[in-house]
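Okay, structure first, notes after.
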Amino acid sequence: MDNITVFFDELSVHYQALCRYTPEVVQLAVKRLTEKSINKRVHILDLGGGDGYPAEQFLIANSEANLTLLDNSVGMLKMAQERLYRFRERANFVQGDMNQLGFHNKVFDVVFSCCSLHFVLGLSKFLQDIRSTVCENGSIAILFNDRADLSMQLFHQFFPAFHQIEIRRHHALQEVYSASIEAGLNVVDEVRFPYYLQFPTRDSFINFISSKPFSGFGFMGDNEFSREFENFTMIANSSLPETDIQVSAQLTLIVMEV
């Protein structure tokens, strides 16, 4: 079991409180994807589905849809199963690696991935593998952090070591476009969703980071994190007001068709 899988198994205990994207962004993305398939019997694949929130929105939006959720973490899958219990006749769960998809050809109408693209090791191969699972006229949608947008977040501004880890892991928008062309996919939609994380106090902002809520912290040893967190705390205390902390961020949705 790799370190990131262990990280998410441990994080799953309090993941809902630390969710790094706003529910509104996911709802908007799902709405955009389901406008053409409301009340149609479609099969959806949710890659890196986490606690099941995006999957839940799909199943609410389309009462005829069936969904398969894949995640590498047993803890996250357990959360997803609990969240989607009322949809149990239409939801399946698979423990697996996004980098080693083992699905049959052309079985899904929609493939969706929310905030998981930075776990992909080879972007072109990943999109090619997805393409083989999608039916003709199917859609592939990826909601992700464009590398260029990371620096707008205070977490990245105040924690340089974390930022350096994350910019190596996250993909640039142009890389996604290039990989889609290599995979024989057509990009048909691009939407940017700005959002904000609100913290009532500076201390709550600092405490949030102390809990290591983002996967990039899983690549840091305890000693490195402690040293860099001390520097982060010093910067935050000297730069931020005591109350009403707002962190700006942005997610990008790319929709591709075969």
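Ordering of the structure tokens sets the chain letters (A, B, ...), residue numbers begin anew at 1 in every chain, and ligands are numbered from 1 in the order given.
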
- Just the residues within 8 Å of Ala80 of chain A, please, counting only C-alpha atoms, with nothing from its chain fewer than 6 positions along; format it as a list in words.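 Using only C-alpha atoms, the neighbours found are Gly49, Gly50, Asp51, Gly52 and Tyr53 of chain A.
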
Write out, as a PDB file, in the first residue's frame, the residues just selected, with N, CA and C atoms.
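Once everything was written out, this is out_32.pdb:
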ATOM      1  N   GLY A  49     -13.269   8.725  -6.868  1.00  0.00           N
ATOM      2  CA  GLY A  49     -14.545   9.270  -6.396  1.00  0.00           C
ATOM      3  C   GLY A  49     -14.585   9.718  -4.957  1.00  0.00           C
ATOM      4  N   GLY A  50     -13.551   9.398  -4.167  1.00  0.00           N
ATOM      5  CA  GLY A  50     -13.483   9.899  -2.798  1.00  0.00           C
ATOM      6  C   GLY A  50     -14.681   9.517  -1.957  1.00  0.00           C
ATOM      7  N   ASP A  51     -15.238  10.510  -1.266  1.00  0.00           N
ATOM      8  CA  ASP A  51     -16.334  10.225  -0.325  1.00  0.00           C
ATOM      9  C   ASP A  51     -17.686  10.106  -1.006  1.00  0.00           C
ATOM     10  N   GLY A  52     -17.728  10.196  -2.349  1.00  0.00           N
ATOM     11  CA  GLY A  52     -18.963   9.955  -3.079  1.00  0.00           C
ATOM     12  C   GLY A  52     -19.832  11.166  -3.309  1.00  0.00           C
ATOM     13  N   TYR A  53     -19.359  12.359  -2.961  1.00  0.00           N
ATOM     14  CA  TYR A  53     -20.213  13.535  -3.142  1.00  0.00           C
ATOM     15  C   TYR A  53     -20.527  13.801  -4.624  1.00  0.00           C
TER      16      TYR A  53
END

- Task: Looking only at alpha helix (DSSP H) from DSSP on the backbone, list the matching residues of segment 77-166 of chain A as a VMD selection string.
- Result: chain A and resid 77 to 83 123 to 133 154 to 158 160 to 166

Go ahead and dump the residues you just picked, N, CA and C atoms, as a short mmCIF file (atom, residue, chain, number, x, y, z; two decimals), in the first residue's frame.
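Output below, filename out_0.cif:
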data_model
loop_
_atom_site.label_atom_id
_atom_site.label_comp_id
_atom_site.auth_asym_id
_atom_site.auth_seq_id
_atom_site.Cartn_x
_atom_site.Cartn_y
_atom_site.Cartn_z
N LEU A 77 -13.78 4.61 0.13
CA LEU A 77 -14.85 3.78 -0.41
C LEU A 77 -15.93 3.50 0.63
N LYS A 78 -15.52 3.30 1.85
CA LYS A 78 -16.50 3.08 2.92
C LYS A 78 -17.38 4.31 3.09
N MET A 79 -16.76 5.50 3.06
CA MET A 79 -17.55 6.73 3.16
C MET A 79 -18.51 6.86 2.00
N ALA A 80 -18.03 6.53 0.79
CA ALA A 80 -18.87 6.64 -0.39
C ALA A 80 -20.06 5.66 -0.31
N GLN A 81 -19.80 4.45 0.15
CA GLN A 81 -20.87 3.47 0.28
C GLN A 81 -21.93 3.94 1.27
N GLU A 82 -21.50 4.55 2.35
CA GLU A 82 -22.46 5.06 3.33
C GLU A 82 -23.26 6.23 2.74
N ARG A 83 -22.59 7.13 2.05
CA ARG A 83 -23.28 8.27 1.46
C ARG A 83 -24.29 7.84 0.40
N LEU A 123 -0.33 11.28 -18.32
CA LEU A 123 -1.60 11.89 -18.72
C LEU A 123 -2.11 11.35 -20.05
N SER A 124 -1.25 11.22 -21.05
CA SER A 124 -1.69 10.73 -22.36
C SER A 124 -2.21 9.30 -22.27
N LYS A 125 -1.47 8.44 -21.58
CA LYS A 125 -1.91 7.05 -21.42
C LYS A 125 -3.23 6.99 -20.65
N PHE A 126 -3.36 7.82 -19.63
CA PHE A 126 -4.58 7.85 -18.84
C PHE A 126 -5.79 8.18 -19.71
N LEU A 127 -5.67 9.21 -20.54
CA LEU A 127 -6.79 9.59 -21.40
C LEU A 127 -7.05 8.54 -22.48
N GLN A 128 -5.99 7.91 -22.97
CA GLN A 128 -6.18 6.83 -23.95
C GLN A 128 -6.91 5.66 -23.32
N ASP A 129 -6.56 5.32 -22.08
CA ASP A 129 -7.23 4.23 -21.38
C ASP A 129 -8.70 4.57 -21.15
N ILE A 130 -8.98 5.82 -20.76
CA ILE A 130 -10.37 6.23 -20.56
C ILE A 130 -11.13 6.16 -21.89
N ARG A 131 -10.50 6.64 -22.94
CA ARG A 131 -11.16 6.66 -24.25
C ARG A 131 -11.65 5.27 -24.64
N SER A 132 -10.88 4.25 -24.30
CA SER A 132 -11.26 2.89 -24.69
C SER A 132 -12.46 2.39 -23.90
N THR A 133 -12.77 3.01 -22.76
CA THR A 133 -13.90 2.56 -21.95
C THR A 133 -15.20 3.29 -22.30
N LEU A 154 -3.63 30.98 -0.65
CA LEU A 154 -2.76 31.34 0.47
C LEU A 154 -1.98 30.15 0.99
N PHE A 155 -2.55 28.95 0.90
CA PHE A 155 -1.83 27.77 1.34
C PHE A 155 -0.50 27.65 0.60
N HIS A 156 -0.52 27.97 -0.67
CA HIS A 156 0.67 27.86 -1.50
C HIS A 156 1.60 29.05 -1.29
N GLN A 157 1.04 30.22 -1.12
CA GLN A 157 1.86 31.42 -0.91
C GLN A 157 2.64 31.36 0.39
N PHE A 158 2.02 30.81 1.42
CA PHE A 158 2.62 30.82 2.75
C PHE A 158 3.40 29.54 3.06
N PRO A 160 5.88 27.46 0.97
CA PRO A 160 6.64 27.22 -0.27
C PRO A 160 7.00 25.77 -0.53
N ALA A 161 7.34 25.02 0.51
CA ALA A 161 7.72 23.62 0.31
C ALA A 161 6.53 22.81 -0.21
N PHE A 162 5.36 23.07 0.32
CA PHE A 162 4.14 22.42 -0.16
C PHE A 162 3.86 22.83 -1.61
N HIS A 163 4.05 24.09 -1.91
CA HIS A 163 3.80 24.59 -3.27
C HIS A 163 4.70 23.89 -4.28
N GLN A 164 5.97 23.71 -3.94
CA GLN A 164 6.89 23.06 -4.86
C GLN A 164 6.50 21.62 -5.13
N ILE A 165 5.99 20.94 -4.12
CA ILE A 165 5.51 19.57 -4.31
C ILE A 165 4.31 19.56 -5.25
N GLU A 166 3.38 20.48 -5.03
CA GLU A 166 2.13 20.48 -5.77
C GLU A 166 2.29 20.90 -7.23
#

- Task: Write down as JSON, numbers by chain the residues of segment 26-97 of chain A whose backbone DSSP state falls under strand (DSSP E or B).
- Result: {"A": [43, 44, 45, 46, 47, 66, 67, 68, 69, 70, 71, 91, 92, 93, 94, 95]}

- Message: Using only C-alpha atoms for the distances, tell me which of A:Asp46, A:Asp203, A:Glu182, A:Glu136 is nearest to Val107 of chain A.
- Response: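 Of all the options, A:Glu136 lies closest to Val107 of chain A.
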
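Considering only C-alpha atoms, the residue among A:Val42, A:Cys135, A:Val258, A:Val111 positioned nearest to Ala183 of chain A is A:Val258.
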
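Going from atom CA of Arg227 of chain A over to atom CA of Ser239 of chain A, you cover 18.8 Å.
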